[in-house]
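Asker: Pasting a structure here, questions to come.
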Amino acid sequence: MASQLKVDTITGVTTAGSVAVTGEGNSTTTNLQQGLAKQWAQFDQRGDILGANTAGDTFNTTSFTDVEEGHIDVTIANDMANATYSVNASSSYNGQVAYDKFSRFVGASVVATGSFRLSSQWENDASQDAFFHGILVHGDLA
């Protein structure tokens, strides 16, 4: 018979904010909080799907600012502990599968504890707005 656990809060015994989970091989543990995404977002800079400069699904995201062609400033609602967190991002140009172009480079710069700049570049090495920016942040919250 399978067990079912229903709780609203999980707290570590030794340290309230630290819960260890045993790995698949039963020989290592992973800190649960370290593995959780701390911020994510979807943003339409071109307006092909949601409307120009419109956010879709977001978590721990305060705002987006369209700075210039291919550059967006993203503000994190609850700051990160430091500016060495990981930003994973992807983007595509127009969302039409038969004609879509995917970015040659998507990355974060101007990284601070509460914000970063997302930049996208295409095959001609020029910055260009994208219809879909998918953003995922891992690291420690402040």
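Just so we're on the same page: first chain in the structure tokens is A, next is B, and so on; residues restart at 1 for each chain, and ligands are numbered from 1 in the order they show up.
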Where does region 114-140 of chain A meet region 73-77 of chain A within 6 Å, residue by residue, with the nearest atom pair and distance in Å to one decimal for each, counting only C-alpha atoms, listed by chain and rising number, as CSV?
Answerer:
```
residue,atom,partner,partner_atom,distance
A:Gly114,CA,A:Ile76,CA,5.0
A:Ser115,CA,A:Thr75,CA,4.4
A:Phe116,CA,A:Val74,CA,5.5
A:Arg117,CA,A:Asp73,CA,4.3
```
Asker: Mind checking which residues fall within 8 Å of Ser86 (chain A), counting only C-alpha atoms, ignoring those fewer than 6 positions away in the same chain, and posting them as an MDAnalysis selection string?
Answerer: chainID A and resid 137:139
Asker: Give me a file of those residues, with C-alpha atoms, as a PDB file, in the first residue's frame.
Answerer:
```pdb
ATOM      1  CA  VAL A 137      16.996  31.221 -12.259  1.00  0.00           C
ATOM      2  CA  HIS A 138      18.703  28.910  -9.759  1.00  0.00           C
ATOM      3  CA  GLY A 139      20.727  30.037  -6.756  1.00  0.00           C
TER       4      GLY A 139
END
```
Asker: With distances taken over only C-alpha atoms, which residue among A:Gln42, A:Gln34, A:Asn78, A:Thr84 lies nearest Phe64 (chain A)?
Answerer: A:Gln42
Asker: Find the residue from A:Thr65, A:Thr54, A:Ser3, A:Asn60 that sits nearest to Phe132 (chain A); use only C-alpha atoms when measuring.
Answerer: A:Thr54
Asker: Let's see if you can do this: from backbone DSSP, list all helix (DSSP H, G or I) residues in chain A, as a VMD selection string.
Answerer: chain A and resid 33 to 35 97 to 99
Asker: Hey, can you check how far CA of His133 (chain A) sits from CA of Gln33 (chain A)?
Answerer: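 Straight-line distance from CA of His133 (chain A) to CA of Gln33 (chain A) works out to 25.1 Å.
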Asker: Using DSSP on the backbone, list every residue of chain A that comes out as strand (DSSP E or B), and give them as a PyMOL selection string.
Answerer: chain A and resi 20-22+29-31+39-44+54-59+61-68+71-76+80+86-92+102+105-112+115-121+127+132-138+141
Asker: Output C-alpha atoms for every residue in the selection just made, as a short mmCIF file (atom, residue, chain, number, x, y, z; two decimals), in the first residue's frame.
Answerer:
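This went into selection17.cif:
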```
data_model
loop_
_atom_site.label_atom_id
_atom_site.label_comp_id
_atom_site.auth_asym_id
_atom_site.auth_seq_id
_atom_site.Cartn_x
_atom_site.Cartn_y
_atom_site.Cartn_z
CA ALA A 20 18.11 16.87 2.72
CA VAL A 21 16.66 14.43 0.18
CA THR A 22 18.33 11.05 -0.38
CA THR A 29 21.84 13.55 -0.45
CA THR A 30 20.69 16.74 -2.13
CA ASN A 31 19.60 19.90 -0.35
CA GLN A 39 12.56 32.68 -10.42
CA TRP A 40 11.05 31.96 -13.81
CA ALA A 41 9.24 33.91 -16.45
CA GLN A 42 7.97 33.96 -19.98
CA PHE A 43 8.04 37.29 -21.81
CA ASP A 44 6.86 38.39 -25.27
CA THR A 54 3.83 41.37 -22.06
CA ALA A 55 4.63 38.76 -19.44
CA GLY A 56 3.09 35.31 -19.51
CA ASP A 57 3.59 32.95 -16.59
CA THR A 58 5.98 34.29 -13.95
CA PHE A 59 7.26 33.39 -10.50
CA THR A 61 9.32 38.35 -11.01
CA THR A 62 8.43 42.01 -10.42
CA SER A 63 8.84 43.58 -13.84
CA PHE A 64 10.33 43.61 -17.31
CA THR A 65 11.71 46.73 -19.00
CA ASP A 66 12.32 46.72 -22.75
CA VAL A 67 15.63 48.61 -22.80
CA GLU A 68 16.43 48.42 -26.51
CA HIS A 71 17.63 43.68 -24.42
CA ILE A 72 15.24 43.35 -21.47
CA ASP A 73 15.87 44.23 -17.82
CA VAL A 74 14.27 41.67 -15.50
CA THR A 75 13.56 42.59 -11.87
CA ILE A 76 13.40 39.78 -9.31
CA MET A 80 19.01 36.59 -4.62
CA SER A 86 22.56 30.96 -12.67
CA VAL A 87 20.28 32.41 -15.36
CA ASN A 88 19.14 29.97 -18.04
CA ALA A 89 17.31 31.56 -20.94
CA SER A 90 15.95 30.71 -24.35
CA SER A 91 14.17 32.68 -27.02
CA SER A 92 12.68 32.32 -30.45
CA PHE A 102 16.13 30.41 -32.74
CA PHE A 105 22.99 33.66 -28.17
CA VAL A 106 20.73 34.33 -25.24
CA GLY A 107 22.25 35.31 -21.94
CA ALA A 108 22.23 37.47 -18.88
CA SER A 109 24.47 40.42 -18.19
CA VAL A 110 24.48 43.31 -15.72
CA VAL A 111 23.68 40.70 -13.05
CA ALA A 112 22.78 42.09 -9.60
CA SER A 115 17.89 42.09 -11.43
CA PHE A 116 19.65 41.14 -14.65
CA ARG A 117 19.60 42.11 -18.32
CA LEU A 118 18.52 39.48 -20.82
CA SER A 119 20.07 39.79 -24.28
CA SER A 120 19.23 37.90 -27.48
CA GLN A 121 21.22 37.80 -30.68
CA SER A 127 20.50 42.06 -31.23
CA PHE A 132 9.34 34.21 -26.60
CA HIS A 133 11.86 34.58 -23.82
CA GLY A 134 11.90 31.73 -21.33
CA ILE A 135 13.88 32.49 -18.18
CA LEU A 136 14.83 30.23 -15.26
CA VAL A 137 17.00 31.22 -12.26
CA HIS A 138 18.70 28.91 -9.76
CA LEU A 141 17.59 33.62 -2.12
#
```
Asker: Would you compute the distance between CA of Glu24 (chain A) and CA of Leu36 (chain A)? Give it in Å to one decimal.
Answerer: 17.4 Å
Asker: Any idea what the distance is between CA of Asp8 (chain A) and CA of Leu32 (chain A)?
Answerer: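 The value is 15.5 Å.
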Asker: Applying 6 Å and only C-alpha atoms, which residues near region 128-130 of chain A remain after dropping the ones on its own chain fewer than 3 positions away? List them as a PyMOL selection string.
Answerer: chain A and resi 45-46+69-70+92-93+121
Asker: For the selection just defined, write its residues with C-alpha atoms to a file, as a PDB file, in the first residue's frame.
Answerer:
```
ATOM      1  CA  GLN A  45       9.036  41.280 -26.422  1.00  0.00           C
ATOM      2  CA  ARG A  46       7.769  41.433 -30.037  1.00  0.00           C
ATOM      3  CA  GLU A  69      16.367  45.982 -29.417  1.00  0.00           C
ATOM      4  CA  GLY A  70      17.059  42.511 -28.003  1.00  0.00           C
ATOM      5  CA  SER A  92      12.677  32.320 -30.449  1.00  0.00           C
ATOM      6  CA  TYR A  93      11.869  34.948 -33.025  1.00  0.00           C
ATOM      7  CA  GLN A 121      21.224  37.803 -30.681  1.00  0.00           C
TER       8      GLN A 121
END
```
Asker: As a ChimeraX atom specification, please: the residues near Thr113 (chain A) (cut-off 8 Å, only C-alpha atoms, same-chain neighbours under 6 positions excluded).
Answerer: /A:79-83
